[in-house]
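Shown here: upload21.txt, compact mmCIF, C-alpha atoms.
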# COMPACT_ATOMS: atom_id res chain seq x y z
CA MET A 143 49.05 -26.66 -0.55
CA ILE A 144 50.27 -25.20 -3.82
CA ASP A 145 51.52 -21.70 -4.59
CA TYR A 146 49.02 -20.28 -7.12
CA SER A 147 45.35 -20.85 -7.89
CA PHE A 148 44.27 -19.13 -11.11
CA ILE A 149 40.50 -18.55 -11.06
CA ILE A 150 39.04 -17.67 -14.46
CA SER A 151 35.50 -16.32 -14.61
CA TYR A 152 33.93 -17.61 -17.79
CA ARG A 153 30.93 -17.97 -20.06
CA ASP A 154 30.68 -18.25 -23.87
CA ARG A 155 34.23 -17.10 -24.57
CA GLU A 156 35.64 -20.32 -26.04
CA GLU A 157 38.10 -18.53 -28.31
CA HIS A 158 39.52 -16.50 -25.42
CA LEU A 159 39.79 -19.53 -23.15
CA SER A 160 41.53 -21.57 -25.86
CA LYS A 161 44.24 -18.88 -25.97
CA LEU A 162 44.55 -18.15 -22.26
CA LEU A 163 44.82 -21.70 -20.92
CA PRO A 164 47.91 -22.77 -22.89
CA ARG A 165 49.47 -19.39 -22.19
CA LEU A 166 49.11 -19.81 -18.44
CA HIS A 167 50.54 -23.34 -18.64
CA GLU A 168 53.46 -21.94 -20.65
CA ILE A 169 54.40 -19.05 -18.37
CA MET A 170 53.84 -21.06 -15.17
CA GLU A 171 55.92 -24.04 -16.26
CA GLY A 172 57.98 -25.26 -13.30
CA GLU A 173 55.76 -23.45 -10.79
CA SER A 174 53.32 -24.97 -8.32
CA TYR A 175 49.87 -23.96 -9.57
CA GLU A 176 46.34 -24.94 -10.51
CA ILE A 177 43.74 -23.41 -12.80
CA ILE A 178 40.04 -23.27 -11.93
CA ILE A 179 37.58 -22.33 -14.67
CA ALA A 180 34.47 -20.90 -13.00
CA GLU A 181 31.77 -21.11 -15.67
CA GLN A 182 28.35 -19.56 -15.16
CA ASP A 183 26.12 -22.30 -16.55
CA ASN A 184 22.93 -20.33 -17.14
CA THR A 185 21.62 -17.45 -19.24
CA GLU A 186 21.19 -14.90 -16.44
CA LYS A 187 23.34 -11.79 -16.31
CA PHE A 188 26.95 -12.54 -15.48
CA GLN A 189 27.76 -12.72 -11.77
CA LYS A 190 31.53 -12.55 -11.66
CA ASN A 191 32.00 -11.97 -7.94
CA SER A 192 29.81 -14.95 -7.11
CA LEU A 193 31.81 -17.14 -9.48
CA TYR A 194 35.05 -15.93 -7.91
CA ASN A 195 33.80 -16.53 -4.37
CA LEU A 196 32.58 -20.06 -5.02
CA ALA A 197 35.73 -21.07 -6.90
CA ALA A 198 38.01 -19.54 -4.27
CA LEU A 199 36.45 -21.76 -1.60
CA LYS A 200 37.66 -24.78 -3.58
CA ALA A 201 41.12 -23.38 -4.37
CA LYS A 202 44.23 -25.05 -2.95
CA GLY A 203 46.73 -22.26 -3.60
CA ASN A 204 48.35 -19.83 -1.19
CA LEU A 205 47.73 -17.05 -3.71
CA LEU A 206 44.42 -16.60 -5.54
CA VAL A 207 44.78 -15.05 -9.00
CA PHE A 208 41.38 -13.74 -10.13
CA HIS A 209 41.70 -13.56 -13.91
CA ASP A 210 39.40 -12.26 -16.64
CA VAL A 211 39.40 -14.64 -19.60
CA ASP A 212 40.22 -11.90 -22.14
CA TYR A 213 43.45 -10.74 -20.43
CA TYR A 214 46.38 -12.49 -22.14
CA PRO A 215 49.66 -12.13 -20.23
CA ALA A 216 53.08 -11.38 -21.69
CA LYS A 217 56.00 -13.54 -20.62
CA ASP A 218 57.42 -11.31 -17.88
CA ILE A 219 54.36 -11.28 -15.62
CA SER A 220 54.75 -11.78 -11.89
CA TYR A 221 51.70 -12.85 -9.89
CA TYR A 222 53.54 -13.04 -6.56
CA THR A 223 52.58 -10.90 -3.60
CA GLU A 224 52.93 -10.97 0.16
CA GLU A 225 50.15 -12.26 2.38
CA ASN A 226 48.54 -8.94 3.34
CA VAL A 227 49.29 -7.04 0.11
CA PRO A 228 46.61 -7.19 -2.62
CA LEU A 229 48.22 -7.00 -6.05
CA TYR A 230 47.42 -5.71 -9.52
CA PRO A 231 49.84 -7.40 -11.94
CA VAL A 232 48.57 -5.36 -14.92
CA LYS A 233 50.61 -2.24 -15.68
CA GLN A 234 49.85 -1.87 -19.40
CA LEU A 235 47.04 -3.25 -21.56
CA ILE A 236 47.30 -3.48 -25.33
CA PHE A 237 43.92 -4.01 -26.99
CA LEU A 238 43.88 -6.45 -29.91
CA ASP A 239 41.56 -6.70 -32.91
CA GLU A 240 39.90 -9.81 -34.38
CA ASN A 241 43.24 -10.85 -35.90
CA ASP A 242 45.21 -10.32 -32.69
CA ASN A 243 46.84 -7.15 -33.98
CA PRO A 244 46.98 -3.98 -31.85
CA ARG A 245 43.86 -1.88 -32.32
CA ASN A 246 44.00 1.68 -33.54
CA GLU A 247 43.52 4.18 -30.73
CA GLU A 248 40.35 5.59 -32.32
CA ASP A 249 38.77 2.10 -32.16
CA ILE A 250 39.34 1.76 -28.41
CA PRO A 251 36.47 2.81 -26.08
CA GLU A 252 36.81 6.17 -24.37
CA GLY A 253 38.60 5.92 -21.04
CA TYR A 254 40.83 3.05 -22.20
CA LYS A 255 42.72 4.75 -25.03
CA ARG A 256 45.96 5.30 -23.07
CA PHE A 257 46.08 1.89 -21.44
CA HIS A 258 48.97 0.87 -23.73
CA LEU A 259 51.04 3.37 -21.69
CA THR A 260 49.57 2.68 -18.25
CA VAL A 261 46.24 1.47 -16.87
CA GLY A 262 46.59 3.93 -14.00
CA ASN A 263 44.30 3.00 -11.11
CA HIS A 264 42.07 0.73 -13.22
CA SER A 265 40.72 -2.10 -11.06
CA GLY A 266 39.67 -4.59 -13.72
CA GLY A 267 41.27 -7.54 -15.44
CA VAL A 268 43.47 -9.42 -12.97
CA PHE A 269 44.06 -9.13 -9.25
CA VAL A 270 45.76 -11.31 -6.65
CA LEU A 271 44.87 -11.95 -3.01
CA SER A 272 46.44 -14.40 -0.61
CA LYS A 273 44.00 -17.07 0.47
CA ASN A 274 44.34 -15.90 4.08
CA LEU A 275 43.49 -12.33 3.06
CA PHE A 276 40.49 -13.53 1.05
CA TYR A 277 39.11 -15.17 4.19
CA LYS A 278 39.99 -12.20 6.39
CA ILE A 279 37.87 -9.88 4.24
CA LYS A 280 35.15 -12.58 3.88
CA GLY A 281 35.58 -12.63 0.12
CA LEU A 282 33.91 -10.47 -2.51
CA ASN A 283 30.46 -8.90 -2.46
CA PRO A 284 28.27 -11.36 -4.43
CA TYR A 285 25.36 -8.97 -5.01
CA PHE A 286 26.89 -7.37 -8.10
CA LYS A 287 25.15 -8.60 -11.22
CA GLY A 288 25.83 -7.85 -14.85
CA TRP A 289 28.39 -5.32 -16.04
CA GLY A 290 30.23 -2.83 -13.90
CA ARG A 291 31.47 -1.62 -10.50
CA GLU A 292 32.28 -5.00 -8.93
CA ASP A 293 36.03 -4.63 -9.48
CA ASP A 294 35.97 -1.07 -8.16
CA ALA A 295 34.12 -2.29 -5.08
CA THR A 296 36.73 -5.00 -4.46
CA ARG A 297 39.52 -2.44 -4.75
CA ASP A 298 37.78 -0.03 -2.39
CA LYS A 299 36.75 -2.72 0.09
CA LEU A 300 40.38 -3.74 0.62
CA SER A 301 41.43 -0.10 0.92
CA MET A 302 38.69 0.70 3.45
CA LEU A 303 39.73 -2.30 5.52
CA GLY A 304 43.26 -0.92 5.72
CA TYR A 305 45.08 -2.92 3.03
CA LYS A 306 47.29 -1.07 0.55
CA TRP A 307 47.20 -2.24 -3.06
CA LYS A 308 50.44 -2.84 -4.92
CA ARG A 309 50.73 -2.55 -8.71
CA ASN A 310 53.65 -4.14 -10.52
CA SER A 311 56.03 -1.68 -12.18
CA LYS A 312 56.12 -3.96 -15.23
CA GLY A 313 53.33 -6.08 -16.59
CA ILE A 314 52.03 -6.11 -20.15
CA PHE A 315 48.73 -7.84 -20.90
CA TYR A 316 46.87 -8.06 -24.19
CA GLY A 317 43.14 -7.43 -24.28
CA LEU A 318 41.61 -10.11 -26.53
CA TYR A 319 38.96 -8.76 -28.86
CA HIS A 320 35.26 -8.72 -28.04
CA LEU A 321 32.37 -6.38 -28.67
CA ASP A 322 31.75 -3.63 -26.13
CA ASN A 323 29.14 -4.93 -23.70
CA LYS A 324 28.57 -1.85 -21.54
CA PRO A 325 24.85 -1.60 -20.66
CA GLU A 326 22.68 1.46 -20.97
CA ASP A 327 23.04 3.92 -18.08
CA ASN A 328 19.46 3.15 -16.98
CA ASP A 329 19.99 -0.61 -16.87
CA PRO A 330 18.52 -1.69 -13.48
CA ASP A 331 21.38 -4.02 -12.58
CA PHE A 332 23.98 -1.41 -13.51
CA LEU A 333 22.14 1.11 -11.34
CA ASN A 334 22.03 -1.38 -8.47
CA ASN A 335 25.76 -2.10 -8.86
CA THR A 336 26.43 1.63 -8.64
CA LYS A 337 24.25 1.82 -5.51
CA LEU A 338 26.14 -1.09 -3.91
CA HIS A 339 29.43 0.63 -4.64
CA ILE A 340 28.25 3.94 -3.18
CA GLU A 341 27.01 2.14 -0.04
CA LEU A 342 30.21 0.12 0.28
CA ALA A 343 30.90 1.09 3.90
CA ASN A 344 27.53 -0.41 4.87
CA ASN A 345 28.30 -3.85 3.43
CA LEU A 346 32.00 -4.46 4.06
CA ASN A 347 31.18 -7.74 5.79
CA VAL A 348 29.13 -9.11 2.89
CA GLY A 349 31.08 -11.86 1.13
CA TYR A 350 31.19 -15.50 0.14
CA GLU A 351 28.89 -16.62 2.96
CA TYR A 352 25.96 -14.86 1.29
CA VAL A 353 25.89 -16.95 -1.91
CA LYS A 354 25.36 -20.65 -2.60
CA ALA A 355 24.94 -22.46 -5.91
CA ASN A 356 24.74 -25.79 -7.67
CA ILE A 357 28.28 -26.73 -8.74
CA GLU A 358 29.37 -29.54 -11.03
CA GLU A 359 33.10 -30.23 -11.00
CA PHE A 360 35.18 -31.78 -13.80
CA GLU A 361 38.90 -32.43 -14.13
CA LEU A 362 40.11 -31.11 -17.49
CA ASP A 363 43.73 -32.16 -16.94
CA GLU A 364 46.06 -32.63 -13.98
CA LYS A 365 46.37 -28.87 -13.52
CA THR A 366 42.89 -27.69 -14.51
CA THR A 367 39.48 -28.02 -12.87
CA TRP A 368 36.27 -26.90 -14.57
CA LEU A 369 33.35 -25.77 -12.40
CA LYS A 370 29.88 -25.40 -13.93
CA ILE A 371 27.93 -23.11 -11.61
CA LYS A 372 24.21 -22.35 -11.68
CA ASP A 373 21.12 -21.96 -9.50
CA PHE A 374 22.58 -19.12 -7.44
CA LYS A 375 20.90 -18.60 -4.08
CA TYR A 376 21.49 -15.42 -2.10
CA GLU A 377 20.87 -14.59 1.54
CA ASN A 378 19.06 -11.29 2.08
CA ILE A 379 21.01 -8.44 3.60
CA SER A 380 19.30 -5.89 5.80

Translate the structure described by the file into structure tokens.
Amino acid sequence: MIDYSFIISYRDREEHLSKLLPRLHEIMEGESYEIIIAEQDNTEKFQKNSLYNLAALKAKGNLLVFHDVDYYPAKDISYYTEENVPLYPVKQLIFLDENDNPRNEEDIPEGYKRFHLTVGNHSGGVFVLSKNLFYKIKGLNPYFKGWGREDDATRDKLSMLGYKWKRNSKGIFYGLYHLDNKPEDNDPDFLNNTKLHIELANNLNVGYEYVKANIEEFELDEKTTWLKIKDFKYENIS
């Protein structure tokens, strides 16, 4: 057993991954850790929770660090938490432009403009669960598809099950540049994600057991495993 398993959800973000991987190796030097890249190897809408679930089942670490590929950590980041305490390590997020310079506030999407001061109760980006806690809550709801609500649902699921989230008092991350990919408000998958979030109390037990997939596994280096995941199969929920 090792201490940390970093699970990076990924597709078509080579530039981001090429920056994040060496950074994680740098800041975790001397620690006991592994990195799992969970790549969605198809052209369907992104299914982040399913990728996280499937990768977590293969993880060897005591702590599972679920990490968006575009969140670049500063040097003073702590990913440690106690077994029954879910953690948000992100306290501040500084958005970068194409040249990795801080973006002007007017260029940052509405709702994120003050994140350089504090992200508040924002649920996205990076979160940490102990492996035991992940199994206790049966993992993440895999029925979220496309953009939106899945991170809120994970936050609220833990809260509704009686676990209190902790947020680090310090923790600067840099948001690597990409185009805004928010869907239209009438996008059917976005609407379904919203419905799943609203009905959260009715599906607290839905987790990793409800999704299977075809997974190819490659060893990138002694610390890093690459999973190519496709052909998702979902059990129906009544």

remark   = In terms of all atoms listed in the file, the residue from A:Ile357, A:Leu369, A:Leu235, A:Leu282 at minimal distance from A:Asn191 is A:Leu282

request  = Would you mind listing what lies within 9 Å of A:Thr336 as a PyMOL selection string, with all atoms listed in the file counted and same-chain residues fewer than 5 positions away left out?
outcome  = chain A and resi 290-292+331+341

Per residue of stretch 274-334 of chain A within 12 Å of stretch 153-168 of chain A, what are the shortest atom pair and its distance in Å to one decimal, counting only C-alpha atoms, with rows by chain and residue number, as CSV?
residue,atom,partner,partner_atom,distance
A:Phe315,CA,A:Leu162,CA,11.2
A:Tyr316,CA,A:Leu162,CA,10.5
A:Gly317,CA,A:His158,CA,9.8
A:Leu318,CA,A:His158,CA,6.8
A:Tyr319,CA,A:His158,CA,8.5
A:His320,CA,A:Arg155,CA,9.1
A:Leu321,CA,A:Arg155,CA,11.6

Selection file, C-alpha atoms, as a PDB file, in the coordinates of the input:
ATOM      1  CA  PHE A 315      48.730  -7.840 -20.900  1.00  0.00           C
ATOM      2  CA  TYR A 316      46.870  -8.060 -24.190  1.00  0.00           C
ATOM      3  CA  GLY A 317      43.140  -7.430 -24.280  1.00  0.00           C
ATOM      4  CA  LEU A 318      41.610 -10.110 -26.530  1.00  0.00           C
ATOM      5  CA  TYR A 319      38.960  -8.760 -28.860  1.00  0.00           C
ATOM      6  CA  HIS A 320      35.260  -8.720 -28.040  1.00  0.00           C
ATOM      7  CA  LEU A 321      32.370  -6.380 -28.670  1.00  0.00           C
TER       8      LEU A 321
END

task = Calculate how many Å separate atom CA of A:Leu206 from atom CA of A:Glu377, rounding to one decimal.
result = 24.7 Å

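Nearest-residue note for A:Ala216: choosing from A:Arg245, A:Lys312, A:Arg297, A:Lys187, the minimum distance belongs to A:Lys312, counting only C-alpha atoms.
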
ask   = A:Ala295: which residues within 9 Å, counting all atoms listed in the file, same-chain residues fewer than 2 positions away excluded, as a list in words?
value =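 So the residues in contact are Ser265, Leu282, Asn283, Arg291, Glu292, Asp293, Arg297, Asp298, Lys299, Leu300, Leu338, His339, Ile340 and Leu342 of chain A.
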
message = For a quick check of understanding, using only C-alpha atoms, which of A:Ile149, A:Phe257, A:Lys365, A:Phe360 has the smallest distance to A:Met170?
response = A:Lys365

inquiry  = So the first atom is atom CA of A:Asp242 and the second is atom CA of A:Tyr214; what is the distance between them in Å, to one decimal place?
reply    =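 Calculated distance between atom CA of A:Asp242 and atom CA of A:Tyr214 is 10.8 Å.
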
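Shortest atom-to-atom contact with A:Pro231 among A:Lys278, A:His258, A:Arg309, A:Lys287: A:Arg309, counting all atoms listed in the file.
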
ask   = atom CA of A:Trp307 and atom CA of A:Ser174, how far apart in Å?
value =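 Here the two named atoms are 24.1 Å from each other.
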
query = From the set A:Gly313, A:Pro215, A:Gly304, A:Gly267, which residue has the shortest atom-to-atom contact distance to A:Val227, counting only C-alpha atoms?
reply = A:Gly304

message = I'd like the neighbourhood of A:Lys202 as a VMD selection string, where a residue qualifies if any of its atoms comes within 8 Å (using all atoms listed in the file), though same-chain residues fewer than 2 positions away should be ignored.
response = chain A and resid 143 to 144 146 to 147 176 200 204

What would the file look like if the residues just selected were written as a PDB file, keeping the file's coordinate frame with C-alpha atoms?
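Writing done, so here's part.pdb:
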ATOM      1  CA  MET A 143      49.050 -26.660  -0.550  1.00  0.00           C
ATOM      2  CA  ILE A 144      50.270 -25.200  -3.820  1.00  0.00           C
ATOM      3  CA  TYR A 146      49.020 -20.280  -7.120  1.00  0.00           C
ATOM      4  CA  SER A 147      45.350 -20.850  -7.890  1.00  0.00           C
ATOM      5  CA  GLU A 176      46.340 -24.940 -10.510  1.00  0.00           C
ATOM      6  CA  LYS A 200      37.660 -24.780  -3.580  1.00  0.00           C
ATOM      7  CA  ASN A 204      48.350 -19.830  -1.190  1.00  0.00           C
TER       8      ASN A 204
END
